[in-house]
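See below for final.txt, which holds compact mmCIF, C-alpha atoms.
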# COMPACT_ATOMS: atom_id res chain seq x y z
CA MET D 1 18.00 44.27 54.84
CA THR D 2 19.97 47.13 53.30
CA LYS D 3 22.63 44.73 52.00
CA LEU D 4 19.99 42.39 50.57
CA ARG D 5 18.32 45.28 48.75
CA THR D 6 21.72 46.34 47.36
CA LEU D 7 22.44 42.82 46.09
CA THR D 8 19.03 42.52 44.52
CA ALA D 9 19.35 45.95 42.93
CA ALA D 10 22.76 45.08 41.49
CA ALA D 11 21.46 41.82 40.05
CA ALA D 12 18.41 43.54 38.61
CA LEU D 13 20.60 46.25 37.05
CA VAL D 14 22.78 43.76 35.21
CA LEU D 15 19.86 41.64 34.08
CA ALA D 16 18.01 44.72 32.89
CA LEU D 17 20.86 45.95 30.65
CA PRO D 18 20.50 45.29 26.93
CA ALA D 19 22.23 42.03 26.01
CA ALA D 20 24.67 43.79 23.67
CA ALA D 21 25.83 46.07 26.51
CA GLN D 22 26.78 43.22 28.83
CA ASP D 23 30.30 41.87 28.63
CA ALA D 24 33.08 40.83 30.99
CA SER D 25 33.79 44.46 31.87
CA THR D 26 30.22 45.17 33.00
CA VAL D 27 30.37 46.40 36.60
CA VAL D 28 27.95 44.59 38.91
CA ALA D 29 29.02 46.18 42.21
CA THR D 30 31.65 48.52 43.65
CA VAL D 31 33.09 47.95 47.12
CA ASP D 32 35.17 50.77 48.64
CA GLY D 33 36.07 51.97 45.18
CA THR D 34 36.95 48.52 43.81
CA ASP D 35 34.82 47.30 40.91
CA ILE D 36 33.43 43.78 40.69
CA THR D 37 32.67 42.89 37.09
CA LEU D 38 30.58 40.29 35.33
CA GLY D 39 33.88 38.77 34.23
CA HIS D 40 34.91 38.26 37.85
CA MET D 41 31.62 36.47 38.48
CA ILE D 42 31.92 34.24 35.42
CA ALA D 43 35.49 33.28 36.33
CA MET D 44 34.37 32.33 39.85
CA ARG D 45 31.42 30.30 38.55
CA GLU D 46 33.73 28.36 36.22
CA ARG D 47 35.69 27.11 39.21
CA LEU D 48 32.82 26.25 41.50
CA PRO D 49 32.40 22.59 42.55
CA GLU D 50 30.02 20.59 40.38
CA GLN D 51 27.23 20.54 42.96
CA TYR D 52 26.85 24.32 42.72
CA GLN D 53 26.70 24.42 38.93
CA SER D 54 23.15 23.06 38.90
CA LEU D 55 21.74 25.92 40.98
CA ASP D 56 19.28 28.18 39.20
CA ASP D 57 20.79 31.29 37.63
CA GLN D 58 19.39 33.81 40.11
CA THR D 59 20.55 31.87 43.17
CA LEU D 60 23.98 31.39 41.61
CA PHE D 61 24.22 35.05 40.65
CA ASP D 62 23.26 36.28 44.12
CA GLY D 63 25.58 33.86 45.89
CA ILE D 64 28.62 34.62 43.74
CA LEU D 65 28.07 38.36 43.95
CA GLU D 66 27.76 38.23 47.73
CA GLN D 67 30.92 36.17 48.05
CA LEU D 68 32.88 38.55 45.82
CA GLU D 69 31.61 41.53 47.79
CA GLN D 70 32.64 39.91 51.06
CA GLN D 71 36.09 39.04 49.71
CA THR D 72 36.57 42.55 48.32
CA ALA D 73 35.46 44.20 51.57
CA LEU D 74 37.81 42.01 53.59
CA SER D 75 40.71 42.51 51.19
CA THR D 76 40.59 46.29 51.71
CA LYS D 77 41.38 45.70 55.39
CA ALA D 78 44.64 43.92 54.58
CA ASP D 79 48.03 45.60 54.51
CA GLY D 80 49.12 43.42 51.66
CA LEU D 81 49.83 39.74 51.42
CA SER D 82 51.91 37.90 53.97
CA PRO D 83 55.18 36.33 52.79
CA GLU D 84 53.37 33.00 52.53
CA GLY D 85 50.52 34.63 50.65
CA GLU D 86 52.93 36.12 48.11
CA LEU D 87 54.46 32.69 47.53
CA VAL D 88 51.01 31.14 47.15
CA MET D 89 50.09 33.80 44.59
CA GLU D 90 53.28 33.09 42.63
CA ASN D 91 52.53 29.36 42.64
CA GLU D 92 48.91 29.93 41.62
CA ARG D 93 49.94 32.26 38.80
CA ARG D 94 52.46 29.78 37.46
CA ALA D 95 49.90 26.97 37.67
CA LEU D 96 47.26 29.04 35.89
CA LEU D 97 49.63 30.11 33.12
CA ALA D 98 50.82 26.53 32.66
CA ALA D 99 47.25 25.23 32.55
CA GLU D 100 46.25 27.77 29.91
CA VAL D 101 49.27 26.91 27.74
CA VAL D 102 48.49 23.19 27.99
CA GLU D 103 44.77 23.67 27.32
CA ALA D 104 45.33 25.86 24.27
CA ARG D 105 48.02 23.72 22.67
CA ALA D 106 46.34 20.41 23.45
CA ALA D 107 43.15 21.65 21.78
CA GLU D 108 45.13 22.70 18.71
CA ALA D 109 46.97 19.38 18.60
CA VAL D 110 43.84 17.22 18.30
CA THR D 111 42.40 17.62 14.81
CA GLU D 112 39.68 15.65 13.08
CA GLU D 113 42.38 14.03 10.97
CA ASP D 114 44.16 12.90 14.16
CA VAL D 115 40.94 11.41 15.51
CA GLN D 116 40.22 9.56 12.26
CA ALA D 117 43.76 8.21 12.05
CA ALA D 118 43.68 6.98 15.66
CA TYR D 119 40.31 5.32 15.05
CA GLU D 120 41.62 3.53 11.96
CA GLU D 121 44.70 2.38 13.85
CA ALA D 122 42.64 1.01 16.72
CA TYR D 123 39.71 -0.49 14.83
CA GLY D 124 40.48 -0.47 11.10
CA ASN D 125 42.02 -3.95 11.05
CA ALA D 126 40.01 -5.42 13.91
CA GLU D 127 38.99 -9.02 13.24
CA PRO D 128 35.39 -10.02 14.03
CA ALA D 129 35.09 -11.75 17.38
CA THR D 130 32.38 -13.88 18.93
CA GLU D 131 30.67 -12.66 22.08
CA TYR D 132 28.82 -15.04 24.35
CA ASN D 133 25.78 -14.57 26.55
CA ALA D 134 25.64 -17.20 29.28
CA SER D 135 24.26 -17.98 32.71
CA HIS D 136 25.83 -20.23 35.31
CA ILE D 137 25.27 -21.84 38.67
CA LEU D 138 28.34 -22.01 40.91
CA VAL D 139 28.52 -24.70 43.60
CA GLU D 140 31.25 -26.24 45.74
CA THR D 141 31.26 -29.86 44.55
CA GLU D 142 30.91 -31.84 41.35
CA GLU D 143 28.12 -33.89 42.95
CA GLU D 144 26.06 -30.73 43.54
CA ALA D 145 26.63 -29.68 39.93
CA ARG D 146 25.51 -33.05 38.55
CA SER D 147 22.44 -33.00 40.78
CA LEU D 148 21.47 -29.60 39.36
CA ILE D 149 22.00 -30.84 35.80
CA ALA D 150 19.63 -33.74 36.51
CA GLU D 151 16.99 -31.28 37.76
CA LEU D 152 17.42 -29.20 34.62
CA GLU D 153 17.00 -32.28 32.43
CA ASP D 154 13.75 -32.92 34.29
CA GLY D 155 12.49 -29.46 33.32
CA ALA D 156 13.60 -27.24 36.24
CA ASP D 157 14.02 -23.54 35.53
CA PHE D 158 17.69 -22.55 35.27
CA ALA D 159 17.26 -19.06 36.72
CA GLU D 160 15.31 -20.36 39.72
CA LEU D 161 17.93 -23.00 40.44
CA ALA D 162 20.65 -20.37 40.23
CA LYS D 163 18.84 -18.10 42.68
CA ALA D 164 18.39 -20.96 45.12
CA ASN D 165 21.79 -22.65 44.80
CA SER D 166 24.50 -20.53 43.22
CA THR D 167 27.25 -19.20 45.49
CA GLY D 168 28.42 -16.75 42.84
CA PRO D 169 27.56 -13.02 42.76
CA SER D 170 25.29 -13.55 39.76
CA GLY D 171 23.10 -16.00 41.69
CA PRO D 172 20.44 -13.46 42.78
CA SER D 173 19.98 -12.44 39.14
CA GLY D 174 19.42 -16.01 37.99
CA GLY D 175 23.07 -16.63 37.14
CA ASP D 176 22.99 -14.17 34.23
CA LEU D 177 26.51 -13.14 33.14
CA GLY D 178 25.44 -10.96 30.22
CA TRP D 179 27.57 -10.61 27.09
CA PHE D 180 31.31 -11.26 27.32
CA LEU D 181 34.35 -12.13 25.27
CA PRO D 182 36.11 -15.39 26.15
CA ASP D 183 39.22 -13.66 27.49
CA ALA D 184 37.07 -12.03 30.17
CA MET D 185 36.59 -15.43 31.82
CA VAL D 186 38.97 -17.96 33.36
CA ALA D 187 40.33 -20.39 30.79
CA GLU D 188 38.29 -23.47 31.81
CA PHE D 189 35.02 -21.51 31.70
CA ALA D 190 35.88 -19.84 28.38
CA ASP D 191 36.87 -23.16 26.77
CA ALA D 192 33.61 -24.79 27.83
CA VAL D 193 31.45 -21.95 26.54
CA GLN D 194 33.18 -21.89 23.16
CA GLU D 195 32.37 -25.56 22.60
CA MET D 196 28.65 -25.14 23.36
CA GLU D 197 25.65 -24.41 21.15
CA PRO D 198 23.06 -21.79 22.16
CA GLY D 199 20.50 -23.29 24.52
CA ALA D 200 22.82 -26.09 25.69
CA ILE D 201 23.65 -26.95 29.30
CA SER D 202 27.25 -27.92 30.07
CA GLU D 203 28.68 -30.81 31.99
CA PRO D 204 30.17 -29.72 35.35
CA VAL D 205 33.09 -27.34 34.72
CA GLN D 206 35.72 -26.91 37.42
CA THR D 207 37.57 -23.63 37.90
CA GLN D 208 39.46 -22.02 40.76
CA PHE D 209 36.10 -20.74 42.04
CA GLY D 210 34.33 -24.10 42.24
CA TRP D 211 32.08 -26.13 39.96
CA HIS D 212 29.92 -24.47 37.29
CA VAL D 213 26.81 -25.52 35.46
CA ILE D 214 26.70 -23.30 32.38
CA LYS D 215 23.84 -22.45 30.06
CA LEU D 216 24.78 -20.74 26.80
CA ASN D 217 21.98 -18.35 25.96
CA ASP D 218 23.22 -16.88 22.67
CA THR D 219 26.22 -15.78 20.61
CA ARG D 220 26.87 -12.83 18.33
CA GLU D 221 29.64 -11.42 16.17
CA THR D 222 31.17 -8.17 17.33
CA THR D 223 31.81 -5.29 14.95
CA PRO D 224 34.03 -2.25 15.48
CA PRO D 225 32.17 0.55 17.27
CA PRO D 226 31.28 3.59 15.15
CA LEU D 227 33.63 6.54 15.48
CA ASP D 228 31.09 8.69 17.32
CA GLU D 229 30.74 6.02 20.00
CA VAL D 230 34.44 6.09 20.88
CA ARG D 231 35.25 9.66 19.86
CA GLY D 232 35.47 10.90 23.47
CA GLU D 233 37.87 8.11 24.43
CA ILE D 234 40.07 8.73 21.38
CA GLU D 235 40.13 12.51 21.83
CA GLY D 236 40.97 12.08 25.51
CA GLN D 237 43.92 9.82 24.71
CA LEU D 238 45.16 12.13 21.96
CA GLN D 239 45.00 15.08 24.34
CA LEU D 240 46.94 13.15 26.99
CA ASP D 241 49.58 12.31 24.38
CA ALA D 242 49.70 15.94 23.27
CA ILE D 243 50.06 17.16 26.85
CA GLU D 244 52.96 14.76 27.46
CA THR D 245 54.65 16.12 24.35
CA ILE D 246 54.00 19.74 25.34
CA VAL D 247 55.45 19.22 28.82
CA SER D 248 58.42 17.26 27.47
CA ASP D 249 59.18 19.93 24.85
CA ALA D 250 58.89 22.70 27.45
CA MET D 251 61.28 20.91 29.80
CA ASP D 252 63.74 20.09 26.99
CA GLY D 253 63.77 23.75 25.92
CA ALA D 254 64.05 25.20 29.40
CA GLU D 255 67.36 26.15 31.01
CA ILE D 256 67.14 24.57 34.45
CA THR D 257 69.88 24.86 37.02
CA ARG D 258 69.97 23.60 40.60
CA PRO D 259 72.47 24.78 43.18
CA GLU D 260 74.90 22.21 44.51
CA THR D 261 73.84 23.03 48.07
CA GLN D 262 72.14 20.05 49.68
CA ILE D 263 68.77 20.93 51.19
CA ASP D 264 67.33 18.84 53.99
CA PRO D 265 64.00 17.45 52.67
CA ALA D 266 62.55 17.73 56.19
CA LEU D 267 62.62 21.54 55.83
CA LEU D 268 59.62 21.17 53.54
CA ARG D 269 57.49 20.78 56.66
CA ASP D 270 58.96 23.80 58.49
CA THR D 271 56.28 26.46 58.00
CA SER D 272 58.13 28.82 60.36
CA LEU D 273 60.45 29.60 57.43
CA LEU D 274 57.55 31.48 55.85
CA ASP D 275 57.18 33.95 58.73

Final structure tokens representation of the file:
Amino acid sequence: MTKLRTLTAAAALVLALPAAAQDASTVVATVDGTDITLGHMIAMRERLPEQYQSLDDQTLFDGILEQLEQQTALSTKADGLSPEGELVMENERRALLAAEVVEARAAEAVTEEDVQAAYEEAYGNAEPATEYNASHILVETEEEARSLIAELEDGADFAELAKANSTGPSGPSGGDLGWFLPDAMVAEFADAVQEMEPGAISEPVQTQFGWHVIKLNDTRETTPPPLDEVRGEIEGQLQLDAIETIVSDAMDGAEITRPETQIDPALLRDTSLLD
């Protein structure tokens, strides 16, 4: 109960401070003379798994503070890091420094002009293309396909026939394939669709999957997506390109030497070397 009251008091103290007085150096708790600051808490929250980020602020605050207090109390009992711990800290520091360099320079490298230029390169000269919306019924034999076509000519409902007869994954949804470009389909299917008029039913079409009865529902002309719709994709690619350049430049400018001594790769698994 005492610890709970201390946690609650610490949380209340920070939340009660004027907003202007709260910054990363604000002390939220002191454990055996070691301060825990609001900055420590924020840094820990930033690295929490996604499922914890949706917790309400008070629960998150209390949980992070308790964890930092526990870690601080335990750390005072240590006589320093083990040899392995020191190596882990060196690796973590290098990784963190590298990540911050990459993040800062990648952000600087992607300007609005870069985004606009990449968009123009990808979509500026794009030719209009025709998209197709079709449904189909997939069966094993040509005879089955012709029998279904006869039923359709007699007024049967295409979607109901697809649900009852199609062996394809779209059967349960009435054979609906949605909108697609021809190159998304096998050649025989694409060729048949491109020769049809909206509302028409095809002759049996054979592909590697079986025999298809196709209904073309509609067509439309595609237009390039607006910049805002693909901005995230473009920025992501530009950042990846920038990161590759940053890493390449760093490696090209670094003086790297390796001793001629051959090291047995199997030693990588020998944790006793860290004792």

Would you compute the distance between atom CA of Gly178 of chain D and atom CA of Leu152 of chain D? Give it in Å to one decimal.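 We find that atom CA of Gly178 of chain D and atom CA of Leu152 of chain D lie 20.4 Å from each other.
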
In Å, rounded to a single decimal, give me how far atom CA of His40 of chain D is from atom CA of Leu65 of chain D.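 The value is 9.2 Å.
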
Leaving out Glu84 of chain D and any residue of its chain fewer than 4 positions from it, which residues lie within 10 Å of it when counting only C-alpha atoms, given as a PyMOL selection string? chain D and resi 88-90+271+273-275

So the first atom is atom CA of Gly236 of chain D and the second is atom CA of Val110 of chain D; what is the distance between them in Å, to one decimal place?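 Spanning atom CA of Gly236 of chain D to atom CA of Val110 of chain D is a straight-line distance of 9.3 Å.
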
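Closest approach to Asp23 of chain D among D:Ile42, D:Ile263, D:Ala95, D:Ile64: D:Ile42, based on only C-alpha atoms.
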
Can you tell me, as a list of chain:residue names, what residues are no more than 9 Å from Phe61 of chain D when counting only C-alpha atoms, ignoring any on the same chain fewer than 4 positions away?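 My list of contacting residues is D:Ala11, D:Met41, D:Arg45, D:Asp56, D:Asp57, D:Leu65, D:Glu66.
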
Could you write out that same residue set with C-alpha atoms as a short mmCIF file (atom, residue, chain, number, x, y, z; two decimals), in the frame of the given file?
data_model
loop_
_atom_site.label_atom_id
_atom_site.label_comp_id
_atom_site.auth_asym_id
_atom_site.auth_seq_id
_atom_site.Cartn_x
_atom_site.Cartn_y
_atom_site.Cartn_z
CA ALA D 11 21.46 41.82 40.05
CA MET D 41 31.62 36.47 38.48
CA ARG D 45 31.42 30.30 38.55
CA ASP D 56 19.28 28.18 39.20
CA ASP D 57 20.79 31.29 37.63
CA LEU D 65 28.07 38.36 43.95
CA GLU D 66 27.76 38.23 47.73
#

Ranking D:Pro224, D:Ala250, D:Pro49, D:Leu161 by minimum distance to Glu121 of chain D and counting all atoms listed in the file, which one comes first? D:Pro224

Using only C-alpha atoms, can you tell me which of D:Leu177, D:Val139, D:Ala266, D:Ala134 comes closest to Thr207 of chain D? D:Val139

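Shortest atom-to-atom contact with Ala150 of chain D among D:Ser25, D:Ser202, D:Thr111, D:Thr167: D:Ser202, counting all atoms listed in the file.
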
Centre, x/y/z edge lengths, axis-aligned box for segment 181-198 of chain D with 8 Å per side, as JSON:
{"center_x": 31.7, "center_y": -18.8, "center_z": 27.3, "size_x": 33.3, "size_y": 29.5, "size_z": 28.2}

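The nearest approach to Gly232 of chain D among the residues D:Thr141, D:Ala118, D:Ser248, D:Ser166, with only C-alpha atoms taken into account, belongs to D:Ala118.
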